[in-house]
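See below for final-v2.txt, which holds compact mmCIF, C-alpha atoms.
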# COMPACT_ATOMS: atom_id res chain seq x y z
CA MET A 14 105.61 89.72 68.82
CA SER A 15 105.95 91.98 65.84
CA THR A 16 102.71 90.64 64.36
CA ARG A 17 100.88 91.35 67.56
CA LYS A 18 102.20 94.91 67.60
CA LYS A 19 101.38 95.56 63.96
CA ASN A 20 97.69 95.82 64.77
CA ILE A 21 98.01 98.42 67.52
CA LEU A 22 99.43 101.90 67.00
CA LYS A 23 100.23 103.49 70.31
CA VAL A 24 100.03 107.27 70.30
CA ILE A 25 100.82 109.44 73.33
CA ILE A 26 99.45 112.97 73.65
CA LEU A 27 101.55 115.32 75.77
CA GLY A 28 101.32 118.98 76.64
CA ASP A 29 100.71 121.49 79.39
CA SER A 30 97.59 121.52 81.50
CA GLY A 31 94.50 122.88 79.76
CA VAL A 32 95.83 122.95 76.20
CA GLY A 33 93.09 120.57 75.03
CA LYS A 34 94.68 117.11 74.90
CA THR A 35 91.56 115.32 76.15
CA SER A 36 89.30 117.42 73.94
CA LEU A 37 91.38 116.58 70.87
CA MET A 38 91.27 112.89 71.68
CA HIS A 39 87.51 112.90 72.25
CA ARG A 40 86.93 114.97 69.12
CA TYR A 41 88.94 112.51 67.05
CA VAL A 42 87.64 109.26 68.58
CA ASN A 43 84.06 110.13 69.54
CA ASN A 44 83.57 113.35 67.53
CA LYS A 45 82.39 115.05 70.70
CA TYR A 46 83.42 118.18 72.56
CA SER A 47 82.66 119.42 76.05
CA GLN A 48 83.19 122.99 77.19
CA GLN A 49 83.57 121.83 80.80
CA TYR A 50 87.15 121.49 81.98
CA LYS A 51 88.00 118.40 83.96
CA ALA A 52 91.63 117.65 84.73
CA THR A 53 92.85 114.24 83.58
CA ILE A 54 94.07 112.04 86.38
CA GLY A 55 97.11 109.97 85.44
CA ALA A 56 96.40 108.76 81.95
CA ASP A 57 93.66 107.18 79.94
CA PHE A 58 93.34 105.77 76.47
CA LEU A 59 90.78 105.37 73.74
CA THR A 60 91.04 103.19 70.70
CA LYS A 61 89.92 103.77 67.16
CA GLU A 62 90.13 101.69 64.02
CA VAL A 63 92.05 103.57 61.36
CA ASP A 64 92.58 102.93 57.70
CA VAL A 65 95.80 104.47 56.47
CA ASP A 66 96.97 103.88 52.92
CA ASP A 67 94.77 100.76 52.69
CA LYS A 68 96.20 99.38 55.90
CA VAL A 69 93.82 98.81 58.78
CA ALA A 70 95.12 99.26 62.31
CA THR A 71 93.85 100.02 65.78
CA MET A 72 95.05 103.32 67.09
CA GLN A 73 95.40 103.46 70.84
CA VAL A 74 95.42 107.12 71.82
CA TRP A 75 96.83 107.76 75.29
CA ASP A 76 95.72 111.01 76.89
CA THR A 77 97.97 112.16 79.71
CA ALA A 78 97.67 114.52 82.66
CA GLY A 79 99.08 117.99 82.15
CA GLN A 80 98.75 119.10 85.75
CA GLU A 81 101.82 118.18 87.72
CA ARG A 82 99.86 116.93 90.70
CA PHE A 83 97.93 114.48 88.54
CA GLN A 84 100.97 113.18 86.74
CA SER A 85 101.81 109.63 87.52
CA LEU A 86 104.89 108.72 89.50
CA GLY A 87 105.74 106.21 86.82
CA VAL A 88 105.35 106.85 83.10
CA ALA A 89 105.49 103.22 82.02
CA PHE A 90 102.79 103.86 79.44
CA TYR A 91 105.27 105.88 77.35
CA ARG A 92 106.99 102.63 76.46
CA GLY A 93 106.12 101.05 73.18
CA ALA A 94 104.73 104.30 71.74
CA ASP A 95 104.71 104.59 67.95
CA CYS A 96 104.13 108.34 67.80
CA CYS A 97 104.09 111.24 70.24
CA VAL A 98 101.76 114.21 69.83
CA LEU A 99 102.90 117.46 71.43
CA VAL A 100 100.05 119.88 72.00
CA TYR A 101 100.22 123.57 72.86
CA ASP A 102 97.62 126.26 73.22
CA VAL A 103 97.93 129.15 70.73
CA THR A 104 96.67 131.50 73.45
CA ASN A 105 99.26 130.37 75.99
CA THR A 106 102.93 131.16 75.41
CA LYS A 107 104.13 129.04 78.30
CA SER A 108 102.53 125.92 76.83
CA PHE A 109 104.36 126.60 73.56
CA GLU A 110 107.68 127.09 75.34
CA ASN A 111 107.21 123.78 77.16
CA ILE A 112 106.86 121.76 73.96
CA LYS A 113 110.58 120.98 73.91
CA THR A 114 110.50 119.99 77.58
CA TRP A 115 107.67 117.55 76.91
CA ARG A 116 109.57 116.09 73.96
CA ASP A 117 112.70 115.57 76.06
CA GLU A 118 110.65 114.11 78.89
CA PHE A 119 109.11 111.63 76.48
CA LEU A 120 112.44 110.61 74.99
CA VAL A 121 113.94 110.08 78.44
CA HIS A 122 111.17 107.79 79.64
CA ALA A 123 109.97 106.08 76.47
CA ASN A 124 113.31 104.39 75.82
CA VAL A 125 112.83 104.58 72.05
CA SER A 126 115.26 102.72 69.83
CA SER A 127 116.13 105.73 67.68
CA PRO A 128 115.32 109.11 69.29
CA GLU A 129 116.49 111.05 66.20
CA THR A 130 113.97 109.45 63.89
CA PHE A 131 111.11 108.90 66.32
CA PRO A 132 107.96 110.56 64.94
CA PHE A 133 106.56 113.57 66.76
CA VAL A 134 103.66 115.74 65.65
CA ILE A 135 103.02 119.22 67.03
CA LEU A 136 99.47 120.53 67.34
CA GLY A 137 98.68 124.18 68.01
CA ASN A 138 95.19 123.93 69.49
CA LYS A 139 92.40 126.48 70.13
CA ILE A 140 92.69 128.31 66.81
CA ASP A 141 88.97 129.05 67.09
CA CYS A 142 89.87 131.79 69.63
CA GLU A 143 89.76 135.45 68.70
CA GLU A 144 92.79 136.76 66.86
CA ASN A 145 93.75 139.20 69.61
CA LYS A 146 93.97 136.32 72.08
CA LYS A 147 96.42 134.35 69.97
CA VAL A 148 99.87 134.99 71.37
CA VAL A 149 101.90 132.28 69.64
CA ASN A 150 102.44 133.25 66.03
CA THR A 151 102.60 130.80 63.17
CA LYS A 152 106.17 131.65 62.25
CA SER A 153 107.63 130.80 65.65
CA ALA A 154 105.68 127.53 65.67
CA GLN A 155 107.05 126.63 62.26
CA GLU A 156 110.57 127.49 63.40
CA LEU A 157 110.20 125.25 66.42
CA ALA A 158 108.85 122.40 64.30
CA GLN A 159 111.82 122.77 61.96
CA SER A 160 114.33 122.92 64.80
CA LEU A 161 112.97 119.67 66.24
CA GLY A 162 113.66 117.87 62.97
CA ASN A 163 110.94 118.96 60.55
CA VAL A 164 108.17 117.76 62.81
CA PRO A 165 104.72 117.97 61.18
CA LEU A 166 102.78 120.93 62.55
CA PHE A 167 99.01 121.36 62.54
CA PHE A 168 96.81 124.17 63.79
CA THR A 169 93.68 122.63 65.21
CA SER A 170 90.50 123.33 67.09
CA ALA A 171 88.90 120.54 69.06
CA LYS A 172 85.95 122.82 69.71
CA ASP A 173 85.15 123.52 66.06
CA ALA A 174 86.67 120.26 64.73
CA ILE A 175 89.18 122.11 62.58
CA ASN A 176 92.04 120.05 61.17
CA VAL A 177 91.71 117.34 63.86
CA ASP A 178 91.09 114.47 61.45
CA ASN A 179 93.89 115.61 59.15
CA ALA A 180 96.30 115.82 62.06
CA PHE A 181 95.41 112.37 63.35
CA GLU A 182 95.66 110.92 59.86
CA GLU A 183 99.23 112.17 59.72
CA ILE A 184 99.81 110.83 63.23
CA ALA A 185 98.48 107.42 62.20
CA ARG A 186 100.66 107.39 59.10
CA ASN A 187 103.77 108.25 61.11
CA ALA A 188 102.87 105.73 63.80
CA LEU A 189 102.34 103.01 61.22
CA GLN A 190 105.68 103.77 59.64
CA GLN A 191 107.42 103.71 63.00
CA ASN A 192 105.65 100.47 63.90
CA GLN A 193 106.81 98.90 60.66
CA ASN A 194 110.37 100.07 61.27
CA ASP A 195 110.31 98.55 64.75
CA ALA A 196 108.94 95.28 63.41
CA ASP A 197 111.68 95.15 60.75
CA ALA A 198 114.34 95.90 63.34
CA PHE A 199 112.98 93.12 65.51
CA GLU A 200 113.17 90.65 62.67
CA ASP A 201 116.69 91.79 61.81
CA ASP A 202 117.75 91.22 65.39
CA PHE A 203 116.40 87.72 65.61
CA ASN A 204 116.99 86.25 62.19
CA ASP A 205 119.88 84.09 63.32
CA ALA A 206 118.75 80.71 64.43
CA ILE A 207 120.37 79.03 67.38
CA ASN A 208 121.93 75.77 66.38
CA ILE A 209 120.74 73.22 68.85
CA GLN A 210 122.55 70.32 67.17
CA LEU A 211 125.71 69.42 69.03
CA ASP A 212 128.62 69.03 66.62
CA GLY A 213 130.44 66.44 68.67
CA GLU A 214 127.37 64.38 69.38
CA PRO A 215 128.09 60.69 68.85
CA ASN A 216 125.91 58.97 66.32
CA SER A 217 125.56 55.75 68.17
CA CYS A 218 125.46 54.58 71.69
CA SER A 219 128.90 54.59 73.26
CA CYS A 220 128.31 51.69 75.61
CA MET B 25 121.34 79.65 54.82
CA ASN B 26 119.15 76.71 55.53
CA THR B 27 119.18 77.47 59.21
CA GLU B 28 118.12 81.05 58.58
CA SER B 29 115.18 80.08 56.43
CA THR B 30 114.13 77.52 59.00
CA SER B 31 114.31 80.17 61.65
CA ASN B 32 112.20 82.55 59.61
CA GLU B 33 109.70 79.85 58.94
CA LEU B 34 109.62 79.10 62.61
CA TRP B 35 108.96 82.72 63.50
CA SER B 36 106.34 83.21 60.83
CA ASN B 37 104.70 80.00 61.93
CA VAL B 38 104.56 81.18 65.51
CA GLU B 39 103.26 84.60 64.61
CA ASP B 40 100.74 83.62 61.99
CA SER B 41 99.12 80.65 63.60
CA GLN B 42 99.50 81.79 67.23
CA VAL B 43 100.28 78.20 68.28
CA PRO B 44 103.37 76.77 69.96
CA SER B 45 106.25 76.26 67.58
CA ILE B 46 107.22 72.96 69.13
CA SER B 47 105.31 69.77 68.73
CA SER B 48 103.35 69.92 71.93
CA GLN B 49 102.42 66.27 71.73
CA ASN B 50 106.02 65.33 72.53
CA TYR B 51 105.58 66.78 75.99
CA ALA B 52 102.03 65.64 76.60
CA ILE B 53 101.17 63.47 79.55
CA PRO B 54 99.55 60.12 78.65
CA PHE B 55 95.96 59.99 79.73
CA THR B 56 95.22 56.40 80.77
CA GLU B 57 91.87 54.74 81.31
CA ASP B 58 92.65 54.42 85.00
CA ILE B 59 93.03 58.19 85.29
CA TYR B 60 89.96 58.76 83.17
CA TYR B 61 87.93 56.48 85.45
CA GLN B 62 89.00 58.46 88.48
CA ILE B 63 88.30 61.73 86.76
CA SER B 64 84.85 60.67 85.59
CA THR B 65 84.00 59.37 89.08
CA SER B 66 85.27 62.53 90.66
CA SER B 67 83.66 64.86 88.15
CA SER B 68 80.35 63.03 88.33
CA SER B 69 80.36 63.33 92.10
CA ASN B 70 81.32 66.97 91.67
CA SER B 71 78.50 67.57 89.27
CA ASN B 72 76.09 65.81 91.61
CA ASP B 73 77.27 67.91 94.50
CA TYR B 74 76.94 70.96 92.39
CA LEU B 75 73.45 70.09 91.27
CA SER B 76 72.30 69.26 94.77
CA SER B 77 73.82 72.49 96.04
CA GLU B 78 72.23 74.43 93.26
CA VAL B 79 68.82 73.22 94.37
CA ASP B 80 69.59 74.57 97.81
CA VAL B 81 70.64 77.97 96.51
CA THR B 82 67.49 78.90 94.70
CA ASP B 83 67.45 82.18 96.64
CA ASN B 84 70.59 83.34 94.82
CA ASP B 85 72.73 82.75 97.84
CA ILE B 86 76.05 84.15 96.61
CA THR B 87 78.08 82.82 99.54
CA ASN B 88 76.94 79.29 98.89
CA SER B 89 77.70 79.47 95.20
CA ASN B 90 81.20 80.76 95.97
CA LEU B 91 81.77 77.87 98.32
CA ILE B 92 80.66 75.44 95.63
CA GLU B 93 83.06 76.98 93.14
CA ASN B 94 85.90 76.75 95.62
CA ASN B 95 85.09 73.13 96.32
CA LEU B 96 85.05 72.37 92.63
CA LEU B 97 88.40 74.04 92.12
CA ASN B 98 89.93 72.20 95.07
CA GLU B 99 88.66 68.88 93.78
CA GLU B 100 90.06 69.53 90.35
CA GLU B 101 93.34 70.69 91.79
CA ASN B 102 93.70 67.49 93.84
CA LEU B 103 92.98 65.51 90.74
CA VAL B 104 95.67 67.22 88.70
CA ASN B 105 98.17 66.77 91.50
CA HIS B 106 97.30 63.10 91.59
CA ILE B 107 97.93 62.77 87.85
CA LEU B 108 101.21 64.60 88.11
CA ASP B 109 102.36 62.36 90.97
CA ARG B 110 101.83 59.37 88.78
CA THR B 111 103.55 60.71 85.72
CA ASN B 112 106.50 62.10 87.70
CA GLU B 113 107.16 64.73 85.05
CA PRO B 114 109.70 67.51 85.66
CA LEU B 115 107.04 70.03 84.76
CA GLN B 116 105.22 69.20 87.97
CA ASN B 117 106.59 72.14 89.88
CA HIS B 118 105.68 74.53 87.13
CA ILE B 119 102.10 73.28 86.93
CA ASN B 120 101.76 73.49 90.70
CA ASN B 121 102.88 77.08 90.54
CA GLU B 122 100.38 77.74 87.78
CA ASN B 123 97.66 76.18 89.92
CA ILE B 124 98.56 78.44 92.80
CA LEU B 125 98.34 81.39 90.47
CA LEU B 126 95.01 80.22 89.14
CA ARG B 127 93.67 79.79 92.64
CA HIS B 128 94.50 83.40 93.44
CA SER B 129 93.29 84.83 90.18
CA SER B 130 89.55 85.29 90.08
CA ASN B 131 89.61 86.66 86.54
CA ILE B 132 90.85 83.52 84.86
CA LYS B 133 87.99 81.29 84.02
CA PRO B 134 88.37 77.54 84.41
CA THR B 135 87.47 77.03 80.74
CA SER B 136 90.94 78.04 79.63
CA ASN B 137 92.95 75.84 81.95
CA THR B 138 94.07 72.26 82.12
CA PHE B 139 91.14 71.10 84.18
CA THR B 140 88.76 71.58 81.32
CA LEU B 141 91.17 69.90 78.97
CA ILE B 142 90.99 66.83 81.17
CA ASN B 143 87.24 66.89 81.40
CA GLU B 144 86.77 67.33 77.70
CA GLN B 145 89.07 64.50 76.75
CA GLY B 146 88.18 60.89 76.78
CA PRO B 147 90.41 57.93 77.65
CA ASN B 148 93.67 57.36 75.75
CA GLN B 149 94.02 61.10 75.14
CA MET B 150 96.98 63.33 76.08
CA ILE B 151 97.10 66.29 78.47
CA ASP B 152 98.64 69.04 76.39
CA VAL B 153 100.87 70.77 78.93
CA SER B 154 102.64 72.82 76.29
CA LYS B 155 99.35 74.18 74.95
CA TYR B 156 98.26 75.02 78.46
CA ILE B 157 101.47 76.93 79.18
CA PHE B 158 101.32 78.66 75.81
CA ASP B 159 97.69 79.71 76.36
CA SER B 160 98.57 81.03 79.81
CA LEU B 161 101.42 83.08 78.39
CA LYS B 162 99.26 84.36 75.55
CA GLN B 163 96.65 85.49 78.06
CA ALA B 164 99.34 87.14 80.16
CA ILE B 165 100.61 89.26 77.28
CA GLU B 166 97.19 90.26 75.97
CA SER B 167 97.88 93.85 75.02
CA ALA B 168 94.38 95.27 75.58
CA ASP B 169 94.19 93.92 79.12
CA PHE B 170 97.72 95.06 79.76
CA SER B 171 96.92 98.59 78.55
CA GLU B 172 93.85 98.77 80.74
CA SER B 173 95.76 97.64 83.79
CA LEU B 174 98.48 100.14 82.94
CA ALA B 175 95.95 102.97 82.68
CA TYR B 176 94.38 101.93 85.97
CA GLN B 177 97.79 101.76 87.62
CA THR B 178 98.67 105.19 86.25
CA LYS B 179 95.44 106.72 87.57
CA THR B 180 95.99 105.20 90.99
CA SER B 181 99.57 106.40 91.01
CA ALA B 182 98.47 109.89 89.99
CA GLN B 183 95.88 110.01 92.76
CA ILE B 184 98.51 108.95 95.27
CA ASN B 185 100.81 111.60 93.82
CA ALA B 186 98.13 114.28 94.11
CA LYS B 187 97.30 113.32 97.70
CA SER B 188 100.98 113.13 98.58
CA LEU B 189 101.56 116.63 97.19
CA GLU B 190 98.49 117.90 99.04
CA LEU B 191 99.79 116.39 102.25
CA LYS B 192 103.21 117.93 101.70
CA GLN B 193 101.56 121.30 101.12
CA LEU B 194 99.47 120.94 104.28
CA ILE B 195 102.52 119.87 106.28
CA GLY B 196 104.39 122.93 104.97
CA GLU B 197 101.53 125.25 105.87
CA THR B 198 101.24 123.72 109.32
CA GLN B 199 104.96 124.03 109.92
CA SER B 200 104.99 127.71 108.94
CA LYS B 201 101.95 128.34 111.18
CA ILE B 202 103.66 126.58 114.07
CA LEU B 203 106.78 128.69 113.54
CA SER B 204 104.82 131.97 113.52
CA LEU B 205 102.85 130.87 116.60
CA GLN B 206 106.09 129.96 118.35
CA GLU B 207 107.51 133.41 117.53
CA ARG B 208 104.38 135.10 118.82
CA PHE B 209 104.47 133.03 121.99
CA GLU B 210 108.12 133.93 122.62
CA ARG B 211 107.31 137.59 122.07
CA GLY B 212 104.33 137.25 124.45
CA VAL B 213 106.56 135.71 127.12
CA GLU B 214 108.95 138.63 126.77
CA VAL B 215 106.11 141.20 126.95
CA SER B 216 104.58 139.54 130.03
CA ARG B 217 107.98 139.55 131.72
CA ASN B 218 108.29 143.29 131.04
CA ILE B 219 104.77 143.93 132.30
CA ARG B 220 105.51 142.01 135.49
CA LYS B 221 108.67 144.03 135.99
CA ASN B 222 106.79 147.30 135.44
CA LEU B 223 104.01 146.26 137.81
CA ASP B 224 106.52 145.35 140.49
CA TYR B 225 108.23 148.72 140.03
CA ALA B 226 104.87 150.56 140.15
CA LYS B 227 103.82 148.65 143.26
CA LYS B 228 107.05 149.52 145.05
CA SER B 229 106.74 153.18 144.01
CA ILE B 230 103.13 153.40 145.23
CA GLU B 231 104.01 151.80 148.55
CA LYS B 232 106.89 154.24 148.94
CA ILE B 233 104.77 157.31 148.03
CA ASN B 234 101.90 156.12 150.24
CA GLY B 235 104.26 155.80 153.17
CA ILE B 236 105.56 159.32 152.70
CA LEU B 237 102.15 160.90 152.16
CA ARG B 238 100.59 159.03 155.10
CA THR B 239 103.15 160.49 157.52
CA GLU B 240 103.66 163.95 156.03
CA TYR B 241 100.10 164.81 154.94
CA PRO B 242 97.82 162.58 157.09
CA ILE B 243 94.62 164.75 156.75
CA GLU B 244 94.76 165.05 152.98
CA TYR B 245 95.81 161.49 152.68
CA ASN B 246 92.88 160.13 154.72
CA LYS B 247 90.38 162.45 153.00
CA THR B 248 91.53 161.35 149.63
CA ARG B 249 91.59 157.76 150.77
CA GLU B 250 87.94 158.03 151.84
CA ASN B 251 87.00 159.48 148.46
CA ILE B 252 88.77 156.65 146.73
CA MET B 253 87.11 154.05 148.96
CA GLU B 254 83.72 155.57 148.21
CA ARG B 255 84.73 155.69 144.55
CA ASN B 256 83.98 159.33 144.41
CA PHE B 257 86.34 160.62 141.76
CA ASN B 258 84.59 163.87 141.02
CA THR B 259 87.27 166.58 141.10
CA GLU B 260 84.84 169.37 142.02
CA ASP B 261 83.75 167.54 145.17
CA ASN B 262 87.34 166.94 146.05
CA GLU B 263 88.07 170.57 145.90
Can you turn what I pasted into structure tokens?
Amino acid sequence: MSTRKKNILKVIILGDSGVGKTSLMHRYVNNKYSQQYKATIGADFLTKEVDVDDKVATMQVWDTAGQERFQSLGVAFYRGADCCVLVYDVTNTKSFENIKTWRDEFLVHANVSSPETFPFVILGNKIDCEENKKVVNTKSAQELAQSLGNVPLFFTSAKDAINVDNAFEEIARNALQQNQNDADAFEDDFNDAINIQLDGEPNSCSC
Amino acid sequence: MNTESTSNELWSNVEDSQVPSISSQNYAIPFTEDIYYQISTSSSSNSNDYLSSEVDVTDNDITNSNLIENNLLNEEENLVNHILDRTNEPLQNHINNENILLRHSSNIKPTSNTFTLINEQGPNQMIDVSKYIFDSLKQAIESADFSESLAYQTKTSAQINAKSLELKQLIGETQSKILSLQERFERGVEVSRNIRKNLDYAKKSIEKINGILRTEYPIEYNKTRENIMERNFNTEDNE
């Protein structure tokens, strides 16, 4: 099972509605951007082959719905995630304040083996906007990232393709590490063989 | 220590080669010439049927081709059941269940199941039940397919969620509208009751005044009455 999992890195993107989760995913996977807003229904995923530190893996990026009405009743797709990306909009304070809520929501449903060490990455999107529109300052974002356990923080723009590749490279690296840790833990759990030889088994026929 | 290394070898073997860890041949069903004869007879008749049917369906008749496929599957299923009856293996129930599943699953192609294994093998070969079960399980846990089905399920669930919320919202709006309409109706009932009361009072008063005026001032009363009947309300004329 661990070998099968090694090839696929499951990454979940979470965040409020309209912060740019789908745009980030499409920018990273297809290098495309659309100005038109279309709410994501439920969840969808795209895959991309990644090469991190000379290790080739398939990254499965799950884009989720931010709008409450389009959120799924079940969040089964959180399970088995190797990294969670929390996205906020630098021009939307509410989306920044909800980052912690999204993190907690993920930890509740994903059933991760070690919530303290599970890798999260925070992305502050839409940095291409005018300065006067930016309401979330860098310092408060850095403080939040630190308070959540030194979570890597990137300021990105899906529109202008700023920092997206760097952010996803870090995401892939973290996911790969987490995947490896899970695989090791799995092997540790199942390294004891079950003895199927009965001790008291007679050597010869008893008749 | 030995046990542990064996276990690790076992796991690595399973994971690296993607084949069953047990010797599948130990659980294989002997494939006798008698069975092979029956299979070849059956499959040849099947293929003949198929060919003859195919000639008939030159117009791309989809219904006919589906029927042919179903017939083929049924034939093959009967054949496998026949083999299992003979061998009397405890795995019979499991295979039957698998057959039922296969019958209901349109996505699984016959090339990956036992039927093909039988057709491909000659006499004195073994039916590899273990390999069949392992392949079925491997297909079941195919992560890409699983992810796609999960995404599809999530989308469907979200659409249901959205519609359910919309319905709840509409129900709420309707309920509040009904409440306000009910209030307005109750108020209307009260107002109409008051109006009726007032009209009754006015009617009684008019009748009373008319009675008095008719007897005490008959000339003026009749003059005015004529004016009213002729709908002549001009005050100057009255004077």
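Picture a line from atom CA of Thr106 of chain A to atom CA of Val148 of chain A; it runs 6.4 Å.
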Practice item. Grab the atom CA of His122 of chain A to atom CA of Ala94 of chain A distance for me, in Å with one decimal place. Key: 10.8 Å
Identify the residues around (101.4, 95.6, 73.4) within a radius of 8 Å, measuring from all atoms listed in the file in the coordinates stated by the file, and give them as a tab-separated table (two decimals) with C-alpha atoms, in the frame of the given file.
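Generated file (point38.tsv):
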chain	number	residue	atom	x	y	z
A	17	ARG	CA	100.88	91.35	67.56
A	18	LYS	CA	102.20	94.91	67.60
A	21	ILE	CA	98.01	98.42	67.52
A	93	GLY	CA	106.12	101.05	73.18
B	165	ILE	CA	100.61	89.26	77.28
B	166	GLU	CA	97.19	90.26	75.97
B	167	SER	CA	97.88	93.85	75.02
B	168	ALA	CA	94.38	95.27	75.58
B	170	PHE	CA	97.72	95.06	79.76
B	171	SER	CA	96.92	98.59	78.55
Check your understanding: Can you tell me, as JSON, numbers by chain, what residues are no more than 12 Å from Ser85 of chain A when counting only C-alpha atoms, ignoring any on the same chain fewer than 4 positions away?
Key -> {"A": [53, 54, 55, 56, 57, 77, 78, 79, 80, 81, 89, 90, 91], "B": [174, 175, 176, 177, 178, 179, 180, 181, 182, 183, 184, 185, 186, 187, 188, 189]}
Take the residues from that selection and write them out as a PDB file, in the frame of the given file, keeping C-alpha atoms.
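Printed below is result-v7.pdb as written:
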ATOM      1  CA  THR A  53      92.850 114.240  83.580  1.00  0.00           C
ATOM      2  CA  ILE A  54      94.070 112.040  86.380  1.00  0.00           C
ATOM      3  CA  GLY A  55      97.110 109.970  85.440  1.00  0.00           C
ATOM      4  CA  ALA A  56      96.400 108.760  81.950  1.00  0.00           C
ATOM      5  CA  ASP A  57      93.660 107.180  79.940  1.00  0.00           C
ATOM      6  CA  THR A  77      97.970 112.160  79.710  1.00  0.00           C
ATOM      7  CA  ALA A  78      97.670 114.520  82.660  1.00  0.00           C
ATOM      8  CA  GLY A  79      99.080 117.990  82.150  1.00  0.00           C
ATOM      9  CA  GLN A  80      98.750 119.100  85.750  1.00  0.00           C
ATOM     10  CA  GLU A  81     101.820 118.180  87.720  1.00  0.00           C
ATOM     11  CA  ALA A  89     105.490 103.220  82.020  1.00  0.00           C
ATOM     12  CA  PHE A  90     102.790 103.860  79.440  1.00  0.00           C
ATOM     13  CA  TYR A  91     105.270 105.880  77.350  1.00  0.00           C
TER      14      TYR A  91
ATOM     15  CA  LEU B 174      98.480 100.140  82.940  1.00  0.00           C
ATOM     16  CA  ALA B 175      95.950 102.970  82.680  1.00  0.00           C
ATOM     17  CA  TYR B 176      94.380 101.930  85.970  1.00  0.00           C
ATOM     18  CA  GLN B 177      97.790 101.760  87.620  1.00  0.00           C
ATOM     19  CA  THR B 178      98.670 105.190  86.250  1.00  0.00           C
ATOM     20  CA  LYS B 179      95.440 106.720  87.570  1.00  0.00           C
ATOM     21  CA  THR B 180      95.990 105.200  90.990  1.00  0.00           C
ATOM     22  CA  SER B 181      99.570 106.400  91.010  1.00  0.00           C
ATOM     23  CA  ALA B 182      98.470 109.890  89.990  1.00  0.00           C
ATOM     24  CA  GLN B 183      95.880 110.010  92.760  1.00  0.00           C
ATOM     25  CA  ILE B 184      98.510 108.950  95.270  1.00  0.00           C
ATOM     26  CA  ASN B 185     100.810 111.600  93.820  1.00  0.00           C
ATOM     27  CA  ALA B 186      98.130 114.280  94.110  1.00  0.00           C
ATOM     28  CA  LYS B 187      97.300 113.320  97.700  1.00  0.00           C
ATOM     29  CA  SER B 188     100.980 113.130  98.580  1.00  0.00           C
ATOM     30  CA  LEU B 189     101.560 116.630  97.190  1.00  0.00           C
TER      31      LEU B 189
END
Identify, on the basis of only C-alpha atoms, every residue whose closest approach to Leu27 of chain A does not exceed 9 Å; exclude the query and any residue fewer than 4 positions from it along the same chain; express the result as a PDB file with C-alpha atoms, keeping the file's coordinate frame.
ATOM      1  CA  LYS A  34      94.680 117.110  74.900  1.00  0.00           C
ATOM      2  CA  TRP A  75      96.830 107.760  75.290  1.00  0.00           C
ATOM      3  CA  ASP A  76      95.720 111.010  76.890  1.00  0.00           C
ATOM      4  CA  THR A  77      97.970 112.160  79.710  1.00  0.00           C
ATOM      5  CA  ALA A  78      97.670 114.520  82.660  1.00  0.00           C
ATOM      6  CA  GLY A  79      99.080 117.990  82.150  1.00  0.00           C
ATOM      7  CA  CYS A  97     104.090 111.240  70.240  1.00  0.00           C
ATOM      8  CA  VAL A  98     101.760 114.210  69.830  1.00  0.00           C
ATOM      9  CA  LEU A  99     102.900 117.460  71.430  1.00  0.00           C
ATOM     10  CA  VAL A 100     100.050 119.880  72.000  1.00  0.00           C
ATOM     11  CA  TYR A 101     100.220 123.570  72.860  1.00  0.00           C
ATOM     12  CA  ILE A 112     106.860 121.760  73.960  1.00  0.00           C
ATOM     13  CA  TRP A 115     107.670 117.550  76.910  1.00  0.00           C
ATOM     14  CA  ARG A 116     109.570 116.090  73.960  1.00  0.00           C
ATOM     15  CA  PHE A 119     109.110 111.630  76.480  1.00  0.00           C
TER      16      PHE A 119
END
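Atom to atom, atom CA of Ala154 of chain A and atom CA of Thr114 of chain A stand 14.9 Å apart.
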Practice item. Would you kindly identify which residues have an atom no farther than 8 Å from (98.4, 132.4, 76.5), using all atoms listed in the file and the file's own coordinates, and write them out as a ChimeraX atom specification? Key: /A:102-108,146-149
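The environment of Gln155 of chain A within 9 Å, counting only C-alpha atoms and disregarding residues fewer than 5 places along the same chain, consists of Asn150, Ser160, Asn163, Val164 and Leu166 of chain A.
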